[in-house]
>>> print(open('work.cif').read())   # mmCIF, C-alpha atoms and all ligand atoms
data_target
#
loop_
_atom_site.group_PDB
_atom_site.id
_atom_site.type_symbol
_atom_site.label_atom_id
_atom_site.label_comp_id
_atom_site.auth_asym_id
_atom_site.auth_seq_id
_atom_site.Cartn_x
_atom_site.Cartn_y
_atom_site.Cartn_z
ATOM 1 C CA MET J 1 0.000 0.000 0.000
ATOM 2 C CA THR J 2 1.396 3.380 -0.981
ATOM 3 C CA ALA J 3 1.036 6.363 1.281
ATOM 4 C CA TYR J 4 -1.584 8.939 0.415
ATOM 5 C CA GLN J 5 -0.222 11.656 -1.815
ATOM 6 C CA PRO J 6 -2.131 14.905 -2.203
ATOM 7 C CA GLY J 7 -2.794 16.724 -5.440
ATOM 8 C CA ALA J 8 -1.271 20.047 -6.405
ATOM 9 C CA VAL J 9 -2.285 23.065 -8.434
ATOM 10 C CA PHE J 10 -0.099 23.427 -11.514
ATOM 11 C CA LEU J 11 -0.245 26.991 -12.773
ATOM 12 C CA ASP J 12 0.777 28.213 -16.174
ATOM 13 C CA ARG J 13 2.607 31.544 -16.038
ATOM 14 C CA ASP J 14 2.125 33.817 -19.074
ATOM 15 C CA GLY J 15 -1.504 34.803 -19.621
ATOM 16 C CA THR J 16 -2.539 32.962 -16.464
ATOM 17 C CA ILE J 17 -0.994 34.742 -13.468
ATOM 18 C CA ILE J 18 0.918 37.482 -15.329
ATOM 19 C CA ASP J 19 0.258 39.486 -18.477
ATOM 20 C CA GLU J 20 0.910 37.693 -21.755
ATOM 21 C CA VAL J 21 3.499 39.943 -23.427
ATOM 22 C CA GLY J 22 4.812 37.659 -26.153
ATOM 23 C CA TYR J 23 8.302 36.664 -25.066
ATOM 24 C CA LEU J 24 9.043 37.997 -21.583
ATOM 25 C CA ASP J 25 12.693 38.906 -22.086
ATOM 26 C CA ARG J 26 13.152 41.608 -19.419
ATOM 27 C CA VAL J 27 12.090 41.551 -15.802
ATOM 28 C CA GLU J 28 10.682 45.095 -16.218
ATOM 29 C CA ARG J 29 7.962 43.690 -18.482
ATOM 30 C CA LEU J 30 6.612 41.427 -15.735
ATOM 31 C CA SER J 31 3.104 42.464 -14.752
ATOM 32 C CA LEU J 32 1.140 40.376 -12.273
ATOM 33 C CA TYR J 33 -2.647 40.312 -12.744
ATOM 34 C CA PRO J 34 -4.154 42.155 -9.768
ATOM 35 C CA TRP J 35 -6.105 39.063 -8.619
ATOM 36 C CA SER J 36 -3.262 36.550 -8.836
ATOM 37 C CA ILE J 37 -2.023 37.114 -5.291
ATOM 38 C CA ASP J 38 -5.484 36.440 -3.831
ATOM 39 C CA ALA J 39 -5.867 33.296 -5.926
ATOM 40 C CA ILE J 40 -2.478 31.882 -4.947
ATOM 41 C CA ARG J 41 -3.038 32.773 -1.302
ATOM 42 C CA ALA J 42 -6.322 30.847 -1.442
ATOM 43 C CA PHE J 43 -4.454 27.767 -2.708
ATOM 44 C CA ASN J 44 -1.783 28.222 -0.011
ATOM 45 C CA ARG J 45 -4.414 28.441 2.732
ATOM 46 C CA SER J 46 -6.163 25.333 1.437
ATOM 47 C CA GLY J 47 -2.989 23.305 1.776
ATOM 48 C CA PHE J 48 -2.309 22.850 -1.932
ATOM 49 C CA ARG J 49 1.181 22.786 -3.269
ATOM 50 C CA VAL J 50 1.336 25.426 -5.979
ATOM 51 C CA VAL J 51 3.732 24.642 -8.815
ATOM 52 C CA LEU J 52 4.409 26.886 -11.784
ATOM 53 C CA VAL J 53 4.903 25.054 -15.085
ATOM 54 C CA THR J 54 5.779 27.126 -18.122
ATOM 55 C CA ASN J 55 7.047 26.591 -21.660
ATOM 56 C CA GLN J 56 9.855 29.063 -22.319
ATOM 57 C CA SER J 57 10.884 28.254 -25.865
ATOM 58 C CA GLY J 58 12.320 31.779 -26.103
ATOM 59 C CA ILE J 59 15.425 30.231 -24.536
ATOM 60 C CA ALA J 60 15.807 27.704 -27.375
ATOM 61 C CA ARG J 61 14.998 30.436 -29.892
ATOM 62 C CA GLY J 62 17.784 32.623 -28.521
ATOM 63 C CA PHE J 63 15.495 35.461 -27.396
ATOM 64 C CA PHE J 64 16.612 35.303 -23.755
ATOM 65 C CA THR J 65 18.621 33.136 -21.379
ATOM 66 C CA GLU J 66 17.825 30.857 -18.452
ATOM 67 C CA ALA J 67 19.319 33.544 -16.207
ATOM 68 C CA ILE J 68 16.595 35.973 -17.357
ATOM 69 C CA VAL J 69 13.890 33.415 -16.602
ATOM 70 C CA ASP J 70 15.374 32.821 -13.134
ATOM 71 C CA ASP J 71 15.403 36.587 -12.601
ATOM 72 C CA VAL J 72 11.757 36.879 -13.611
ATOM 73 C CA HIS J 73 10.842 34.086 -11.192
ATOM 74 C CA ARG J 74 12.777 35.692 -8.326
ATOM 75 C CA HIS J 75 10.967 38.956 -8.985
ATOM 76 C CA LEU J 76 7.620 37.171 -9.209
ATOM 77 C CA ALA J 77 8.319 35.394 -5.906
ATOM 78 C CA ALA J 78 9.097 38.745 -4.247
ATOM 79 C CA LEU J 79 5.852 40.308 -5.510
ATOM 80 C CA LEU J 80 3.878 37.332 -4.226
ATOM 81 C CA ALA J 81 5.666 37.402 -0.868
ATOM 82 C CA GLU J 82 4.665 41.062 -0.406
ATOM 83 C CA GLY J 83 1.065 39.889 -0.703
ATOM 84 C CA GLY J 84 1.532 36.887 1.589
ATOM 85 C CA ALA J 85 1.365 34.324 -1.222
ATOM 86 C CA HIS J 86 3.906 31.804 -2.445
ATOM 87 C CA ILE J 87 4.579 29.380 -5.253
ATOM 88 C CA ASP J 88 6.321 26.244 -4.019
ATOM 89 C CA ALA J 89 8.357 25.578 -7.144
ATOM 90 C CA TYR J 90 9.049 27.132 -10.520
ATOM 91 C CA TYR J 91 9.636 24.763 -13.428
ATOM 92 C CA TYR J 92 10.146 25.690 -17.051
ATOM 93 C CA CYS J 93 10.899 23.945 -20.312
ATOM 94 C CA PRO J 94 13.678 25.763 -22.214
ATOM 95 C CA HIS J 95 13.470 23.553 -25.294
ATOM 96 C CA HIS J 96 12.005 23.708 -28.756
ATOM 97 C CA PRO J 97 12.573 21.323 -31.682
ATOM 98 C CA ASP J 98 13.104 24.300 -34.034
ATOM 99 C CA GLY J 99 15.316 26.283 -31.654
ATOM 100 C CA ARG J 100 18.465 28.080 -32.789
ATOM 101 C CA VAL J 101 20.450 27.480 -29.612
ATOM 102 C CA GLU J 102 21.952 24.056 -30.045
ATOM 103 C CA MET J 103 21.811 22.806 -26.469
ATOM 104 C CA TYR J 104 18.049 23.483 -26.259
ATOM 105 C CA ALA J 105 17.027 22.639 -29.820
ATOM 106 C CA ARG J 106 15.471 19.254 -29.343
ATOM 107 C CA ARG J 107 12.366 17.296 -28.617
ATOM 108 C CA CYS J 108 11.882 16.778 -24.908
ATOM 109 C CA ASP J 109 9.346 15.374 -22.498
ATOM 110 C CA CYS J 110 8.982 18.603 -20.525
ATOM 111 C CA ARG J 111 7.425 20.912 -23.099
ATOM 112 C CA LYS J 112 3.723 21.057 -22.238
ATOM 113 C CA PRO J 113 1.553 19.128 -22.957
ATOM 114 C CA GLY J 114 4.376 16.717 -22.167
ATOM 115 C CA ARG J 115 4.338 15.677 -18.515
ATOM 116 C CA GLY J 116 8.034 16.038 -17.647
ATOM 117 C CA LEU J 117 7.651 19.122 -15.445
ATOM 118 C CA VAL J 118 4.749 17.568 -13.542
ATOM 119 C CA ASP J 119 6.720 14.380 -12.994
ATOM 120 C CA ARG J 120 9.628 16.364 -11.559
ATOM 121 C CA ALA J 121 7.317 18.124 -9.129
ATOM 122 C CA ALA J 122 5.591 14.865 -8.240
ATOM 123 C CA ALA J 123 8.929 13.267 -7.353
ATOM 124 C CA GLU J 124 10.183 16.283 -5.429
ATOM 125 C CA PHE J 125 7.049 16.950 -3.370
ATOM 126 C CA GLY J 126 5.216 13.623 -3.275
ATOM 127 C CA ILE J 127 2.331 14.881 -5.392
ATOM 128 C CA ASP J 128 -0.318 12.652 -6.967
ATOM 129 C CA PRO J 129 -0.804 13.998 -10.517
ATOM 130 C CA ALA J 130 -4.211 12.325 -10.782
ATOM 131 C CA ARG J 131 -5.490 14.380 -7.839
ATOM 132 C CA SER J 132 -4.050 17.560 -9.329
ATOM 133 C CA PHE J 133 -5.359 20.515 -11.307
ATOM 134 C CA VAL J 134 -3.784 22.372 -14.201
ATOM 135 C CA VAL J 135 -4.782 25.997 -14.786
ATOM 136 C CA GLY J 136 -3.787 27.783 -17.973
ATOM 137 C CA ASP J 137 -4.799 29.996 -20.883
ATOM 138 C CA ARG J 138 -3.975 27.506 -23.664
ATOM 139 C CA TRP J 139 -5.529 24.210 -24.665
ATOM 140 C CA LEU J 140 -2.107 22.628 -24.182
ATOM 141 C CA ASP J 141 -2.480 23.349 -20.456
ATOM 142 C CA VAL J 142 -5.801 21.523 -20.401
ATOM 143 C CA GLU J 143 -4.248 18.755 -22.488
ATOM 144 C CA LEU J 144 -1.505 18.413 -19.867
ATOM 145 C CA ALA J 145 -4.252 17.809 -17.298
ATOM 146 C CA ARG J 146 -5.631 15.038 -19.531
ATOM 147 C CA VAL J 147 -2.155 13.524 -19.929
ATOM 148 C CA ILE J 148 -1.584 13.317 -16.154
ATOM 149 C CA GLY J 149 -5.131 12.180 -15.373
ATOM 150 C CA GLY J 150 -5.968 15.350 -13.459
ATOM 151 C CA ARG J 151 -8.447 18.138 -14.069
ATOM 152 C CA GLY J 152 -7.870 21.051 -16.432
ATOM 153 C CA ILE J 153 -9.210 24.577 -16.235
ATOM 154 C CA LEU J 154 -8.970 27.116 -19.048
ATOM 155 C CA VAL J 155 -8.824 30.776 -18.015
ATOM 156 C CA ARG J 156 -10.019 33.494 -20.402
ATOM 157 C CA THR J 157 -7.077 35.803 -19.697
ATOM 158 C CA GLY J 158 -4.076 35.825 -22.045
ATOM 159 C CA TYR J 159 -4.894 33.678 -25.086
ATOM 160 C CA GLY J 160 -7.772 32.008 -23.233
ATOM 161 C CA ALA J 161 -10.690 33.923 -24.751
ATOM 162 C CA ALA J 162 -9.396 33.184 -28.265
ATOM 163 C CA GLU J 163 -8.707 29.556 -27.333
ATOM 164 C CA GLU J 164 -12.274 29.182 -26.074
ATOM 165 C CA ARG J 165 -13.553 30.006 -29.587
ATOM 166 C CA ARG J 166 -11.619 27.113 -31.151
ATOM 167 C CA PRO J 167 -11.964 24.132 -28.870
ATOM 168 C CA PRO J 168 -10.056 20.941 -29.689
ATOM 169 C CA GLU J 169 -12.019 17.929 -30.879
ATOM 170 C CA SER J 170 -10.426 15.278 -28.722
ATOM 171 C CA PHE J 171 -10.795 16.703 -25.216
ATOM 172 C CA ALA J 172 -12.541 19.419 -23.238
ATOM 173 C CA ALA J 173 -11.827 21.531 -20.188
ATOM 174 C CA ASP J 174 -13.349 20.587 -16.848
ATOM 175 C CA ALA J 175 -14.140 24.273 -16.454
ATOM 176 C CA ILE J 176 -13.681 27.534 -18.338
ATOM 177 C CA VAL J 177 -13.494 30.571 -16.074
ATOM 178 C CA ASP J 178 -12.668 34.260 -16.434
ATOM 179 C CA ASN J 179 -9.339 34.207 -14.606
ATOM 180 C CA VAL J 180 -7.214 32.419 -12.023
ATOM 181 C CA ILE J 181 -9.359 33.638 -9.130
ATOM 182 C CA GLY J 182 -12.302 31.966 -10.876
ATOM 183 C CA ALA J 183 -10.171 28.839 -11.150
ATOM 184 C CA ALA J 184 -9.441 29.003 -7.417
ATOM 185 C CA GLY J 185 -13.156 29.175 -6.656
ATOM 186 C CA TRP J 186 -13.881 26.197 -8.918
ATOM 187 C CA ILE J 187 -11.055 24.079 -7.511
ATOM 188 C CA LEU J 188 -11.932 24.741 -3.892
ATOM 189 C CA ARG J 189 -15.542 23.706 -4.632
ATOM 190 C CA HIS J 190 -14.357 20.455 -6.269
ATOM 191 C CA VAL J 191 -12.051 18.964 -3.631
HETATM 192 MG MG MG J 201 0.048 30.791 -21.014
HETATM 193 ZN ZN ZN J 202 11.670 20.642 -22.432
#
>>> encode(input="work.cif", output="structure tokens")
Amino acid sequence: MTAYQPGAVFLDRDGTIIDEVGYLDRVERLSLYPWSIDAIRAFNRSGFRVVLVTNQSGIARGFFTEAIVDDVHRHLAALLAEGGAHIDAYYYCPHHPDGRVEMYARRCDCRKPGRGLVDRAAAEFGIDPARSFVVGDRWLDVELARVIGGRGILVRTGYGAAEERRPPESFAADAIVDNVIGAAGWILRHV
């Protein structure tokens, strides 16, 4: 018998908790949605691990470096801390098959909807992916939820409103909500 492992909330970054600005290549361009702190604090209070999972192919494309992404995440963590919220871990995929930077230009298992980032978090924190939620503004975030056997919520911020108008044929979201605070409400009603 394996020990009980709780689920986590896997949050996309761009268009989900911060403004979608194309490729976020300077920390000055980071802009947190005003409701993101409340949403993350609600997850924290409810005992969820909160794990950020983001595709950052701009690294493979040569638009910015891993050091920039780390900087952005440090800054994001500081903004959240000011509001009494925290993200337990920040994971990103730096790869892309068509990248220009050789060391990142490859297929990988961590580019969403691949499950590599979730599996890393699951191993590190003892998370059960099947009891988890994925929140994001792209269908690939919802698809990641399908891949791990969890539940997927599309938010209408970022690309979400446009994504909602062209749903995929092979799967659907468990919920479509206006923003991450709406996702928090839905998740807390469904645990
Ligand atoms: Mg996004
Ligand atoms: Zn990857």
>>> closest_atom_pairs(input="work.cif", of="chain J", to="ligand MG 201 (chain J)", cutoff="10 Å", atoms="all atoms listed in the file", output="tab-separated table")
residue	atom	partner	partner_atom	distance
J:Leu11	CA	J:MG201	MG	9.1
J:Asp12	CA	J:MG201	MG	5.5
J:Arg13	CA	J:MG201	MG	5.6
J:Asp14	CA	J:MG201	MG	4.2
J:Gly15	CA	J:MG201	MG	4.5
J:Thr16	CA	J:MG201	MG	5.7
J:Ile17	CA	J:MG201	MG	8.6
J:Ile18	CA	J:MG201	MG	8.8
J:Asp19	CA	J:MG201	MG	9.1
J:Glu20	CA	J:MG201	MG	7.0
J:Gly22	CA	J:MG201	MG	9.8
J:Val53	CA	J:MG201	MG	9.6
J:Thr54	CA	J:MG201	MG	7.4
J:Asn55	CA	J:MG201	MG	8.2
J:Val135	CA	J:MG201	MG	9.2
J:Gly136	CA	J:MG201	MG	5.7
J:Asp137	CA	J:MG201	MG	4.9
J:Arg138	CA	J:MG201	MG	5.8
J:Trp139	CA	J:MG201	MG	9.4
J:Leu140	CA	J:MG201	MG	9.0
J:Asp141	CA	J:MG201	MG	7.9
J:Leu154	CA	J:MG201	MG	9.9
J:Val155	CA	J:MG201	MG	9.4
J:Thr157	CA	J:MG201	MG	8.8
J:Gly158	CA	J:MG201	MG	6.6
J:Tyr159	CA	J:MG201	MG	7.0
J:Gly160	CA	J:MG201	MG	8.2
>>> closest_residue(input="work.cif", among="J:Asp119, J:Glu66, J:Glu143, J:Asp38", to="Arg26 of chain J", atoms="only C-alpha atoms")
J:Glu66
>>> atom_distance(input="work.cif", atom1="atom CA of Gly47 of chain J", atom2="atom CA of Asp109 of chain J")
28.4 Å
>>> atom_distance(input="work.cif", atom1="atom CA of Val72 of chain J", atom2="atom CA of Gly152 of chain J")
25.4 Å
>>> residues_around(input="work.cif", residues="Gly7 of chain J", least_positions_apart="5", cutoff="9 Å", atoms="all atoms listed in the file", output="MDAnalysis selection string")
chainID J and resid 48:49 126:133 150
>>> resolve_selection(input="work.cif", expression="the PyMOL selection byres (((chain J and resi 95-107) around 10) and not hetatm)", output="list in words")
Asn55, Gln56, Ser57, Gly58, Ile59, Ala60, Arg61, Gly62, Phe63, Tyr92, Cys93, Pro94, Cys108, Asp109, Cys110 and Arg111 of chain J
>>> closest_residue(input="work.cif", among="J:Phe125, J:Phe10, J:Tyr91, J:Phe171", to="ligand ZN 202 (chain J)", atoms="all atoms listed in the file")
J:Tyr91
>>> closest_residue(input="work.cif", among="J:Val69, J:Ile40, J:Leu117, J:Ala77", to="ligand ZN 202 (chain J)", atoms="only C-alpha atoms and all ligand atoms")
J:Leu117
>>> closest_residue(input="work.cif", among="J:Ser36, J:Leu30, J:Val9, J:Val118", to="His75 of chain J", atoms="only C-alpha atoms")
J:Leu30
>>> build_atoms(input="work.cif", residues="segment 163-178 of chain J", atoms="N, CA and C atoms", output="PDB file, keeping the file's coordinate frame")
ATOM      1  N   GLU J 163      -8.738  31.022 -27.373  1.00  0.00           N
ATOM      2  CA  GLU J 163      -8.707  29.556 -27.333  1.00  0.00           C
ATOM      3  C   GLU J 163     -10.115  28.983 -27.165  1.00  0.00           C
ATOM      4  N   GLU J 164     -10.922  29.666 -26.331  1.00  0.00           N
ATOM      5  CA  GLU J 164     -12.274  29.182 -26.074  1.00  0.00           C
ATOM      6  C   GLU J 164     -13.085  29.100 -27.366  1.00  0.00           C
ATOM      7  N   ARG J 165     -12.798  29.987 -28.330  1.00  0.00           N
ATOM      8  CA  ARG J 165     -13.553  30.006 -29.587  1.00  0.00           C
ATOM      9  C   ARG J 165     -13.134  28.897 -30.547  1.00  0.00           C
ATOM     10  N   ARG J 166     -11.984  28.237 -30.288  1.00  0.00           N
ATOM     11  CA  ARG J 166     -11.619  27.113 -31.151  1.00  0.00           C
ATOM     12  C   ARG J 166     -11.218  25.907 -30.306  1.00  0.00           C
ATOM     13  N   PRO J 167     -12.231  25.270 -29.747  1.00  0.00           N
ATOM     14  CA  PRO J 167     -11.964  24.132 -28.870  1.00  0.00           C
ATOM     15  C   PRO J 167     -11.423  22.928 -29.647  1.00  0.00           C
ATOM     16  N   PRO J 168     -10.566  22.152 -29.041  1.00  0.00           N
ATOM     17  CA  PRO J 168     -10.056  20.941 -29.689  1.00  0.00           C
ATOM     18  C   PRO J 168     -11.159  19.891 -29.782  1.00  0.00           C
ATOM     19  N   GLU J 169     -10.990  18.943 -30.699  1.00  0.00           N
ATOM     20  CA  GLU J 169     -12.019  17.929 -30.879  1.00  0.00           C
ATOM     21  C   GLU J 169     -11.885  16.775 -29.900  1.00  0.00           C
ATOM     22  N   SER J 170     -10.660  16.536 -29.430  1.00  0.00           N
ATOM     23  CA  SER J 170     -10.426  15.278 -28.722  1.00  0.00           C
ATOM     24  C   SER J 170     -10.523  15.380 -27.202  1.00  0.00           C
ATOM     25  N   PHE J 171     -10.650  16.576 -26.675  1.00  0.00           N
ATOM     26  CA  PHE J 171     -10.795  16.703 -25.216  1.00  0.00           C
ATOM     27  C   PHE J 171     -11.449  18.040 -24.905  1.00  0.00           C
ATOM     28  N   ALA J 172     -11.892  18.177 -23.666  1.00  0.00           N
ATOM     29  CA  ALA J 172     -12.541  19.419 -23.238  1.00  0.00           C
ATOM     30  C   ALA J 172     -12.006  19.807 -21.867  1.00  0.00           C
ATOM     31  N   ALA J 173     -12.212  21.063 -21.519  1.00  0.00           N
ATOM     32  CA  ALA J 173     -11.827  21.531 -20.188  1.00  0.00           C
ATOM     33  C   ALA J 173     -12.849  21.057 -19.158  1.00  0.00           C
ATOM     34  N   ASP J 174     -12.412  20.867 -17.934  1.00  0.00           N
ATOM     35  CA  ASP J 174     -13.349  20.587 -16.848  1.00  0.00           C
ATOM     36  C   ASP J 174     -14.108  21.860 -16.483  1.00  0.00           C
ATOM     37  N   ALA J 175     -13.473  22.996 -16.696  1.00  0.00           N
ATOM     38  CA  ALA J 175     -14.140  24.273 -16.454  1.00  0.00           C
ATOM     39  C   ALA J 175     -13.459  25.339 -17.295  1.00  0.00           C
ATOM     40  N   ILE J 176     -14.227  26.345 -17.687  1.00  0.00           N
ATOM     41  CA  ILE J 176     -13.681  27.534 -18.338  1.00  0.00           C
ATOM     42  C   ILE J 176     -14.145  28.721 -17.503  1.00  0.00           C
ATOM     43  N   VAL J 177     -13.181  29.484 -17.021  1.00  0.00           N
ATOM     44  CA  VAL J 177     -13.494  30.571 -16.074  1.00  0.00           C
ATOM     45  C   VAL J 177     -12.781  31.848 -16.532  1.00  0.00           C
ATOM     46  N   ASP J 178     -13.203  32.980 -15.966  1.00  0.00           N
ATOM     47  CA  ASP J 178     -12.668  34.260 -16.434  1.00  0.00           C
ATOM     48  C   ASP J 178     -11.185  34.431 -16.144  1.00  0.00           C
TER      49      ASP J 178
END
